[in-house]
Amino acid sequence: MVHDVTLPPTVVATHLRSCAEELAASLRSGGPGATTTELTDVVAHLIAGQEAISHALAGLAARVEGGTNALAAAPPLDVEVVTEVLRAAAIAARCSAEALDEVTPSFECVSESVAPDTRL
């Protein structure tokens, strides 16, 4: 029998951060090169990642907003501010994904216009 394993959000978020930091380090100038095709694939993964982050932030906002009884001791204004900032961050992440998605054809054009083994 197969069981789905659900990791605590803090474990998943820590892993996400570590992976993002490693990706950022690998893409800094002076790091190991990647082919344009690889970079196009990276953009596709970043789009999906930004969409997932958007959903995660929206879910976090919903939990904060829906946790009225659990957060009864918290100042209502602060709960409202946190909720709104999380929603805004979710929208920003979604906009980032949409912007990257719109430029995907240009990434593909650049990739197709150079030799397959061109590394950046």
# chains A, B, ... in the order shown; residues from 1 in each chain; ligands from 1
>>> residues_around(residues="Leu57 in chain A", least_positions_apart="5", cutoff="7 Å", atoms="only C-alpha atoms", output="PyMOL selection string")
chain A and resi 86-87+89-90
>>> residues_around(residues="Arg94 in chain A", least_positions_apart="6", cutoff="8 Å", atoms="only C-alpha atoms", output="list in words")
Gln50, Glu51 and Ser54 of chain A
>>> closest_residue(among="A:Glu38, A:Val11, A:Ala44, A:Glu21", to="Pro105 in chain A", atoms="only C-alpha atoms")
A:Ala44
>>> closest_residue(among="A:Leu39, A:Leu120, A:Ala88, A:Ala56", to="Leu16 in chain A", atoms="only C-alpha atoms")
A:Ala56
>>> residues_around(residues="Thr37 in chain A", least_positions_apart="4", cutoff="9 Å", atoms="only C-alpha atoms", output="MDAnalysis selection string")
chainID A and resid 41:42 107:108 111:112 116:118
>>> residues_around(residues="Ile47 in chain A", least_positions_apart="5", cutoff="7 Å", atoms="only C-alpha atoms", output="list in words")
Ala97, Leu100 and Asp101 of chain A
>>> write_last_selection(atoms="C-alpha atoms", output="PDB file, in the first residue's frame")
ATOM      1  CA  ALA A  97       5.425  33.834 -13.757  1.00  0.00           C
ATOM      2  CA  LEU A 100       8.520  34.963 -17.753  1.00  0.00           C
ATOM      3  CA  ASP A 101       5.950  32.989 -19.711  1.00  0.00           C
TER       4      ASP A 101
END
>>> closest_residue(among="A:Val114, A:Leu71, A:Val103, A:Ala52", to="Ile91 in chain A", atoms="only C-alpha atoms")
A:Ala52
>>> atom_distance(atom1="CA of Ala73 in chain A", atom2="CA of Pro9 in chain A")
23.5 Å
>>> select_by_dssp(residues="range 34-83 of chain A", states="helix (DSSP H, G or I)", output="VMD selection string")
chain A and resid 36 to 66 76 to 83
>>> write_last_selection(atoms="C-alpha atoms", output="PDB file, in the first residue's frame")
ATOM      1  CA  THR A  36      20.838  28.135 -24.104  1.00  0.00           C
ATOM      2  CA  THR A  37      18.541  25.108 -24.239  1.00  0.00           C
ATOM      3  CA  GLU A  38      19.280  24.397 -20.590  1.00  0.00           C
ATOM      4  CA  LEU A  39      18.575  28.021 -19.719  1.00  0.00           C
ATOM      5  CA  THR A  40      15.253  27.836 -21.591  1.00  0.00           C
ATOM      6  CA  ASP A  41      14.411  24.787 -19.477  1.00  0.00           C
ATOM      7  CA  VAL A  42      15.426  26.704 -16.343  1.00  0.00           C
ATOM      8  CA  VAL A  43      12.999  29.483 -17.281  1.00  0.00           C
ATOM      9  CA  ALA A  44      10.203  26.929 -17.749  1.00  0.00           C
ATOM     10  CA  HIS A  45      10.899  25.531 -14.281  1.00  0.00           C
ATOM     11  CA  LEU A  46      11.040  29.026 -12.799  1.00  0.00           C
ATOM     12  CA  ILE A  47       7.643  29.800 -14.322  1.00  0.00           C
ATOM     13  CA  ALA A  48       6.135  26.708 -12.722  1.00  0.00           C
ATOM     14  CA  GLY A  49       7.937  27.506  -9.472  1.00  0.00           C
ATOM     15  CA  GLN A  50       6.646  31.076  -9.394  1.00  0.00           C
ATOM     16  CA  GLU A  51       3.110  29.793 -10.002  1.00  0.00           C
ATOM     17  CA  ALA A  52       3.516  27.316  -7.137  1.00  0.00           C
ATOM     18  CA  ILE A  53       4.910  30.043  -4.862  1.00  0.00           C
ATOM     19  CA  SER A  54       1.923  32.208  -5.765  1.00  0.00           C
ATOM     20  CA  HIS A  55      -0.433  29.414  -4.718  1.00  0.00           C
ATOM     21  CA  ALA A  56       1.538  28.828  -1.518  1.00  0.00           C
ATOM     22  CA  LEU A  57       1.375  32.510  -0.555  1.00  0.00           C
ATOM     23  CA  ALA A  58      -2.347  32.651  -1.335  1.00  0.00           C
ATOM     24  CA  GLY A  59      -2.865  29.540   0.796  1.00  0.00           C
ATOM     25  CA  LEU A  60      -0.899  31.088   3.640  1.00  0.00           C
ATOM     26  CA  ALA A  61      -3.017  34.242   3.376  1.00  0.00           C
ATOM     27  CA  ALA A  62      -6.178  32.144   3.525  1.00  0.00           C
ATOM     28  CA  ARG A  63      -4.924  30.338   6.631  1.00  0.00           C
ATOM     29  CA  VAL A  64      -4.086  33.582   8.385  1.00  0.00           C
ATOM     30  CA  GLU A  65      -7.420  35.111   7.427  1.00  0.00           C
ATOM     31  CA  GLY A  66      -9.341  31.929   8.287  1.00  0.00           C
ATOM     32  CA  PRO A  76      -7.138  42.354  14.117  1.00  0.00           C
ATOM     33  CA  LEU A  77      -5.399  45.132  12.198  1.00  0.00           C
ATOM     34  CA  ASP A  78      -2.127  43.191  12.191  1.00  0.00           C
ATOM     35  CA  VAL A  79      -3.892  40.031  11.000  1.00  0.00           C
ATOM     36  CA  GLU A  80      -5.477  42.074   8.207  1.00  0.00           C
ATOM     37  CA  VAL A  81      -2.131  43.624   7.233  1.00  0.00           C
ATOM     38  CA  VAL A  82      -0.371  40.252   7.152  1.00  0.00           C
ATOM     39  CA  THR A  83      -3.192  38.771   5.072  1.00  0.00           C
TER      40      THR A  83
END
>>> decode(residues="range 4-22 of chain A", atoms="N, CA and C atoms", output="PDB file, in the first residue's frame")
ATOM      1  N   ASP A   4       0.897   8.665   0.678  1.00  0.00           N
ATOM      2  CA  ASP A   4       1.495   9.961   0.345  1.00  0.00           C
ATOM      3  C   ASP A   4       2.203  10.491   1.578  1.00  0.00           C
ATOM      4  N   VAL A   5       3.408  10.960   1.373  1.00  0.00           N
ATOM      5  CA  VAL A   5       4.170  11.550   2.463  1.00  0.00           C
ATOM      6  C   VAL A   5       4.000  13.062   2.369  1.00  0.00           C
ATOM      7  N   THR A   6       3.564  13.650   3.442  1.00  0.00           N
ATOM      8  CA  THR A   6       3.413  15.095   3.483  1.00  0.00           C
ATOM      9  C   THR A   6       4.418  15.644   4.477  1.00  0.00           C
ATOM     10  N   LEU A   7       5.313  16.450   3.955  1.00  0.00           N
ATOM     11  CA  LEU A   7       6.329  17.049   4.816  1.00  0.00           C
ATOM     12  C   LEU A   7       5.783  18.318   5.449  1.00  0.00           C
ATOM     13  N   PRO A   8       6.284  18.663   6.614  1.00  0.00           N
ATOM     14  CA  PRO A   8       5.870  19.927   7.242  1.00  0.00           C
ATOM     15  C   PRO A   8       6.243  21.105   6.344  1.00  0.00           C
ATOM     16  N   PRO A   9       5.410  22.146   6.328  1.00  0.00           N
ATOM     17  CA  PRO A   9       5.699  23.303   5.472  1.00  0.00           C
ATOM     18  C   PRO A   9       7.080  23.912   5.721  1.00  0.00           C
ATOM     19  N   THR A  10       7.557  23.878   6.952  1.00  0.00           N
ATOM     20  CA  THR A  10       8.876  24.460   7.219  1.00  0.00           C
ATOM     21  C   THR A  10       9.982  23.663   6.526  1.00  0.00           C
ATOM     22  N   VAL A  11       9.828  22.352   6.451  1.00  0.00           N
ATOM     23  CA  VAL A  11      10.824  21.514   5.770  1.00  0.00           C
ATOM     24  C   VAL A  11      10.815  21.815   4.276  1.00  0.00           C
ATOM     25  N   VAL A  12       9.628  21.899   3.713  1.00  0.00           N
ATOM     26  CA  VAL A  12       9.499  22.174   2.280  1.00  0.00           C
ATOM     27  C   VAL A  12      10.037  23.566   1.955  1.00  0.00           C
ATOM     28  N   ALA A  13       9.692  24.560   2.773  1.00  0.00           N
ATOM     29  CA  ALA A  13      10.158  25.926   2.530  1.00  0.00           C
ATOM     30  C   ALA A  13      11.673  26.026   2.651  1.00  0.00           C
ATOM     31  N   THR A  14      12.250  25.311   3.601  1.00  0.00           N
ATOM     32  CA  THR A  14      13.701  25.311   3.768  1.00  0.00           C
ATOM     33  C   THR A  14      14.373  24.688   2.542  1.00  0.00           C
ATOM     34  N   HIS A  15      13.808  23.616   2.046  1.00  0.00           N
ATOM     35  CA  HIS A  15      14.342  22.968   0.845  1.00  0.00           C
ATOM     36  C   HIS A  15      14.223  23.904  -0.362  1.00  0.00           C
ATOM     37  N   LEU A  16      13.079  24.575  -0.487  1.00  0.00           N
ATOM     38  CA  LEU A  16      12.873  25.529  -1.573  1.00  0.00           C
ATOM     39  C   LEU A  16      13.935  26.621  -1.520  1.00  0.00           C
ATOM     40  N   ARG A  17      14.155  27.156  -0.342  1.00  0.00           N
ATOM     41  CA  ARG A  17      15.154  28.220  -0.192  1.00  0.00           C
ATOM     42  C   ARG A  17      16.539  27.724  -0.577  1.00  0.00           C
ATOM     43  N   SER A  18      16.908  26.548  -0.108  1.00  0.00           N
ATOM     44  CA  SER A  18      18.230  25.990  -0.428  1.00  0.00           C
ATOM     45  C   SER A  18      18.391  25.795  -1.925  1.00  0.00           C
ATOM     46  N   CYS A  19      17.356  25.278  -2.567  1.00  0.00           N
ATOM     47  CA  CYS A  19      17.417  25.069  -4.014  1.00  0.00           C
ATOM     48  C   CYS A  19      17.506  26.403  -4.756  1.00  0.00           C
ATOM     49  N   ALA A  20      16.733  27.387  -4.320  1.00  0.00           N
ATOM     50  CA  ALA A  20      16.770  28.699  -4.965  1.00  0.00           C
ATOM     51  C   ALA A  20      18.136  29.349  -4.804  1.00  0.00           C
ATOM     52  N   GLU A  21      18.725  29.219  -3.618  1.00  0.00           N
ATOM     53  CA  GLU A  21      20.054  29.783  -3.392  1.00  0.00           C
ATOM     54  C   GLU A  21      21.093  29.094  -4.273  1.00  0.00           C
ATOM     55  N   GLU A  22      20.989  27.778  -4.395  1.00  0.00           N
ATOM     56  CA  GLU A  22      21.920  27.022  -5.234  1.00  0.00           C
ATOM     57  C   GLU A  22      21.762  27.408  -6.705  1.00  0.00           C
TER      58      GLU A  22
END
